[in-house]
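> Here's a structure for you.
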Amino acid sequence: MPRPGCWWTALWRERVAEQESWGGETTDPDRLTRVFEALDAAGITAREDFTCCRGCGAAEIGAERRGARGFVFFHRQSTEAAAEGHGLMLHYGGFDGSQETTTAAGHEVVAAFAGSGLSAQWDGGPGRAIEVAPLNRRKRLVGRPFRRPDPGRPASTH
(Lines give C-alpha, C1' and ligand atoms only; values in the text may rest on other atoms or scores of the structure.)
Protein backbone atom coordinates (compact mmCIF):
# COMPACT_ATOMS: atom_id res chain seq x y z
CA MET A 1 0.00 0.00 0.00
CA PRO A 2 1.36 3.47 -0.83
CA ARG A 3 2.35 5.84 1.92
CA PRO A 4 -0.65 7.46 3.62
CA GLY A 5 -1.14 11.01 2.42
CA CYS A 6 0.09 10.45 -1.16
CA TRP A 7 -2.23 12.04 -3.69
CA TRP A 8 -2.78 8.77 -5.61
CA THR A 9 -3.72 6.96 -2.42
CA ALA A 10 -6.36 9.58 -1.71
CA LEU A 11 -7.72 9.31 -5.26
CA TRP A 12 -7.77 5.51 -5.07
CA ARG A 13 -9.63 5.53 -1.76
CA GLU A 14 -12.10 8.11 -3.06
CA ARG A 15 -12.87 5.93 -6.08
CA VAL A 16 -13.20 2.78 -3.95
CA ALA A 17 -15.69 4.62 -1.69
CA GLU A 18 -17.65 5.72 -4.77
CA GLN A 19 -17.71 2.14 -6.08
CA GLU A 20 -19.07 0.87 -2.77
CA SER A 21 -22.12 3.08 -3.31
CA TRP A 22 -22.83 1.12 -6.53
CA GLY A 23 -23.26 -2.09 -4.55
CA GLY A 24 -23.78 -5.12 -6.76
CA GLU A 25 -25.29 -2.99 -9.53
CA THR A 26 -24.30 -4.00 -13.04
CA THR A 27 -22.44 -1.15 -14.72
CA ASP A 28 -22.38 -0.30 -18.43
CA PRO A 29 -18.78 -1.57 -18.75
CA ASP A 30 -19.99 -4.86 -17.17
CA ARG A 31 -22.77 -5.05 -19.78
CA LEU A 32 -20.35 -4.23 -22.58
CA THR A 33 -17.96 -6.97 -21.45
CA ARG A 34 -20.82 -9.50 -21.39
CA VAL A 35 -21.86 -8.56 -24.94
CA PHE A 36 -18.27 -8.88 -26.14
CA GLU A 37 -17.87 -12.26 -24.42
CA ALA A 38 -21.06 -13.50 -26.11
CA LEU A 39 -19.88 -12.27 -29.52
CA ASP A 40 -16.47 -13.88 -29.03
CA ALA A 41 -18.12 -17.19 -28.15
CA ALA A 42 -20.37 -16.90 -31.24
CA GLY A 43 -17.49 -16.55 -33.73
CA ILE A 44 -17.01 -12.77 -33.78
CA THR A 45 -13.59 -11.89 -32.33
CA ALA A 46 -14.43 -9.13 -29.84
CA ARG A 47 -11.79 -7.00 -28.13
CA GLU A 48 -12.19 -4.13 -25.66
CA ASP A 49 -9.79 -1.18 -25.52
CA PHE A 50 -7.80 -2.91 -28.28
CA THR A 51 -4.76 -0.97 -29.52
CA CYS A 52 -4.33 2.79 -29.71
CA CYS A 53 -6.42 3.64 -32.79
CA ARG A 54 -8.60 2.26 -35.59
CA GLY A 55 -5.70 1.77 -38.00
CA CYS A 56 -3.63 -0.24 -35.52
CA GLY A 57 -6.70 -2.23 -34.47
CA ALA A 58 -7.55 -3.13 -38.06
CA ALA A 59 -3.94 -4.12 -38.68
CA GLU A 60 -3.66 -6.28 -35.54
CA ILE A 61 -7.10 -7.91 -35.18
CA GLY A 62 -6.23 -10.68 -37.64
CA ALA A 63 -3.76 -12.13 -35.14
CA GLU A 64 -6.69 -12.57 -32.73
CA ARG A 65 -8.81 -14.50 -35.24
CA ARG A 66 -8.67 -18.14 -34.05
CA GLY A 67 -11.31 -19.46 -36.46
CA ALA A 68 -13.72 -16.50 -36.23
CA ARG A 69 -15.56 -15.19 -39.27
CA GLY A 70 -15.64 -11.55 -38.16
CA PHE A 71 -14.48 -9.07 -35.56
CA VAL A 72 -15.48 -6.08 -33.48
CA PHE A 73 -13.28 -3.85 -31.35
CA PHE A 74 -12.96 -0.44 -29.83
CA HIS A 75 -9.63 1.24 -29.31
CA ARG A 76 -8.08 3.43 -26.64
CA GLN A 77 -9.08 6.69 -28.35
CA SER A 78 -12.71 5.49 -28.40
CA THR A 79 -12.45 4.57 -24.72
CA GLU A 80 -11.21 8.07 -23.92
CA ALA A 81 -14.00 9.69 -25.96
CA ALA A 82 -16.61 7.52 -24.20
CA ALA A 83 -15.19 8.56 -20.81
CA GLU A 84 -15.78 12.17 -21.91
CA GLY A 85 -19.42 11.39 -22.71
CA HIS A 86 -19.23 11.03 -26.50
CA GLY A 87 -20.41 7.43 -26.80
CA LEU A 88 -18.31 4.44 -27.77
CA MET A 89 -17.50 3.74 -31.42
CA LEU A 90 -17.19 0.08 -32.40
CA HIS A 91 -15.24 -1.02 -35.48
CA TYR A 92 -16.16 -4.34 -37.08
CA GLY A 93 -15.65 -6.38 -40.18
CA GLY A 94 -15.30 -9.78 -41.77
CA PHE A 95 -11.99 -11.56 -41.99
CA ASP A 96 -12.58 -12.33 -45.66
CA GLY A 97 -12.72 -8.58 -46.44
CA SER A 98 -16.04 -8.73 -48.30
CA GLN A 99 -18.72 -6.08 -47.79
CA GLU A 100 -21.29 -8.83 -47.33
CA THR A 101 -19.40 -10.44 -44.43
CA THR A 102 -18.64 -7.02 -42.94
CA THR A 103 -22.31 -6.04 -43.08
CA ALA A 104 -23.35 -9.39 -41.59
CA ALA A 105 -20.85 -8.91 -38.75
CA GLY A 106 -22.26 -5.43 -38.13
CA HIS A 107 -25.80 -6.80 -37.92
CA GLU A 108 -24.65 -9.54 -35.55
CA VAL A 109 -22.91 -7.01 -33.30
CA VAL A 110 -25.97 -4.74 -33.13
CA ALA A 111 -28.24 -7.74 -32.45
CA ALA A 112 -25.98 -8.83 -29.57
CA PHE A 113 -26.75 -5.55 -27.80
CA ALA A 114 -30.52 -6.21 -27.82
CA GLY A 115 -31.62 -6.88 -24.27
CA SER A 116 -28.21 -5.95 -22.82
CA GLY A 117 -29.32 -2.65 -21.35
CA LEU A 118 -27.10 -0.78 -23.84
CA SER A 119 -28.17 0.90 -27.05
CA ALA A 120 -26.24 0.35 -30.29
CA GLN A 121 -26.97 2.63 -33.26
CA TRP A 122 -25.83 1.89 -36.79
CA ASP A 123 -27.05 2.95 -40.22
CA GLY A 124 -26.28 -0.46 -41.76
CA GLY A 125 -23.44 0.79 -43.93
CA PRO A 126 -20.35 -1.46 -43.94
CA GLY A 127 -18.05 1.57 -43.74
CA ARG A 128 -19.79 3.15 -40.75
CA ALA A 129 -18.91 2.53 -37.10
CA ILE A 130 -21.51 1.30 -34.61
CA GLU A 131 -22.12 3.73 -31.74
CA VAL A 132 -22.96 2.59 -28.23
CA ALA A 133 -24.55 5.55 -26.45
CA PRO A 134 -25.34 6.74 -23.94
CA LEU A 135 -22.68 4.97 -21.91
CA ASN A 136 -22.01 5.54 -18.25
CA ARG A 137 -18.31 4.73 -17.83
CA ARG A 138 -18.49 3.70 -14.17
CA LYS A 139 -15.75 1.12 -14.51
CA ARG A 140 -14.69 -0.66 -11.37
CA LEU A 141 -11.08 -0.46 -10.24
CA VAL A 142 -9.21 -3.74 -10.40
CA GLY A 143 -6.19 -4.59 -8.31
CA ARG A 144 -4.41 -2.39 -5.84
CA PRO A 145 -3.32 1.24 -6.02
CA PHE A 146 -0.12 2.13 -7.81
CA ARG A 147 2.88 1.81 -5.58
CA ARG A 148 5.87 4.00 -6.19
CA PRO A 149 9.15 2.14 -5.57
CA ASP A 150 10.90 2.91 -2.30
CA PRO A 151 14.46 3.94 -3.20
CA GLY A 152 15.72 2.38 0.05
CA ARG A 153 14.28 -1.08 -0.76
CA PRO A 154 15.70 -3.61 -3.20
CA ALA A 155 13.61 -4.10 -6.33
CA SER A 156 11.33 -7.12 -6.55
CA THR A 157 12.61 -9.97 -8.73
CA HIS A 158 9.21 -11.29 -9.84
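Please note that chains go A, B, ... in the order of the C-alpha coordinates, that every chain numbers its residues from 1, and that ligands are numbered from 1 in the order shown.
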Find the residues near Trp122 of chain A: any atom within 9 Å, counting only C-alpha atoms, skip ones fewer than 6 places away on the same chain, and give them as JSON, numbers by chain.

{"A": [106, 107, 110, 128, 129, 130, 131]}

> For Gly97 of chain A, find every residue with an atom within 12 Å (counting only C-alpha atoms), except residues of its own chain fewer than 3 positions away, and show them as a ChimeraX atom specification.

/A:58,62,69-71,92-94,100-105,126-127

> Counting only C-alpha atoms, which residue out of A:Arg15, A:Arg137, A:Gly67, A:Glu48 sits closest to Phe36 of chain A?

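Between A:Arg15, A:Arg137, A:Gly67, A:Glu48, the residue approaching Phe36 of chain A most closely is A:Glu48.
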
> Which residues, written as a PyMOL selection string, have at least one atom at most 9 Å from segment 79-87 of chain A, with only C-alpha atoms counted and residues fewer than 4 positions away on the same chain left out?

chain A and resi 48-49+74-75+131-138

> Can you write just those residues out, N, CA and C atoms, as an mmCIF file, in the first residue's frame?


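Contents of result.cif, freshly written:
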```
data_model
loop_
_atom_site.group_PDB
_atom_site.id
_atom_site.type_symbol
_atom_site.label_atom_id
_atom_site.label_comp_id
_atom_site.auth_asym_id
_atom_site.auth_seq_id
_atom_site.Cartn_x
_atom_site.Cartn_y
_atom_site.Cartn_z
ATOM 1 N N GLU A 48 -11.949 -5.422 -26.312
ATOM 2 C CA GLU A 48 -12.190 -4.134 -25.665
ATOM 3 C C GLU A 48 -10.888 -3.374 -25.500
ATOM 4 N N ASP A 49 -10.945 -2.053 -25.715
ATOM 5 C CA ASP A 49 -9.791 -1.178 -25.521
ATOM 6 C C ASP A 49 -8.571 -1.771 -26.229
ATOM 7 N N PHE A 74 -13.099 -1.877 -30.019
ATOM 8 C CA PHE A 74 -12.963 -0.439 -29.832
ATOM 9 C C PHE A 74 -11.562 -0.199 -29.309
ATOM 10 N N HIS A 75 -11.016 0.943 -29.644
ATOM 11 C CA HIS A 75 -9.625 1.240 -29.315
ATOM 12 C C HIS A 75 -9.535 2.282 -28.198
ATOM 13 N N GLU A 131 -22.272 2.904 -32.937
ATOM 14 C CA GLU A 131 -22.121 3.731 -31.741
ATOM 15 C C GLU A 131 -22.931 3.156 -30.592
ATOM 16 N N VAL A 132 -22.287 2.996 -29.450
ATOM 17 C CA VAL A 132 -22.964 2.595 -28.225
ATOM 18 C C VAL A 132 -23.080 3.849 -27.371
ATOM 19 N N ALA A 133 -24.317 4.309 -27.211
ATOM 20 C CA ALA A 133 -24.555 5.551 -26.454
ATOM 21 C C ALA A 133 -26.001 5.554 -25.980
ATOM 22 N N PRO A 134 -26.309 6.185 -24.885
ATOM 23 C CA PRO A 134 -25.338 6.740 -23.943
ATOM 24 C C PRO A 134 -24.636 5.619 -23.187
ATOM 25 N N LEU A 135 -23.492 5.951 -22.632
ATOM 26 C CA LEU A 135 -22.683 4.972 -21.910
ATOM 27 C C LEU A 135 -22.156 5.628 -20.646
ATOM 28 N N ASN A 136 -22.508 5.058 -19.524
ATOM 29 C CA ASN A 136 -22.007 5.538 -18.248
ATOM 30 C C ASN A 136 -20.739 4.753 -17.943
ATOM 31 N N ARG A 137 -19.602 5.411 -17.967
ATOM 32 C CA ARG A 137 -18.308 4.732 -17.835
ATOM 33 C C ARG A 137 -17.903 4.490 -16.384
ATOM 34 N N ARG A 138 -18.829 4.045 -15.553
ATOM 35 C CA ARG A 138 -18.495 3.696 -14.173
ATOM 36 C C ARG A 138 -17.801 2.343 -14.170
#
```

> Interatomic distance between atom CA of Thr27 of chain A and atom CA of Ala41 of chain A?

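Distance between the two atoms: 21.4 Å.
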
> Between atom CA of Phe50 of chain A and atom CA of Phe73 of chain A, what is the spacing in Å?

6.3 Å

> Between A:Asp123, A:Cys53, A:Lys139, A:Ala111, which residue has the minimum interatomic distance to Gln19 of chain A, considering only C-alpha atoms?

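Comparing A:Asp123, A:Cys53, A:Lys139, A:Ala111 against Gln19 of chain A, the winner is A:Lys139.
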
> Pick from A:Leu90, A:Val72, A:Ala112, A:Leu118: nearest to Asp28 of chain A, with only C-alpha atoms counted?

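When distances to Asp28 of chain A are compared using only C-alpha atoms, the smallest one comes from A:Leu118.
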
> Determine which residues of segment 20-156 of chain A receive a DSSP assignment of alpha helix (DSSP H), computed from the backbone, and state them as a VMD selection string.

chain A and resid 20 to 22 28 to 41 54 to 60 76 to 83 99 to 113

> Which one is closest to Leu32 of chain A: A:Ile61, A:Gly125, A:Leu88, A:Arg13? Count only C-alpha atoms.

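Closest to Leu32 of chain A, using only C-alpha atoms: A:Leu88.
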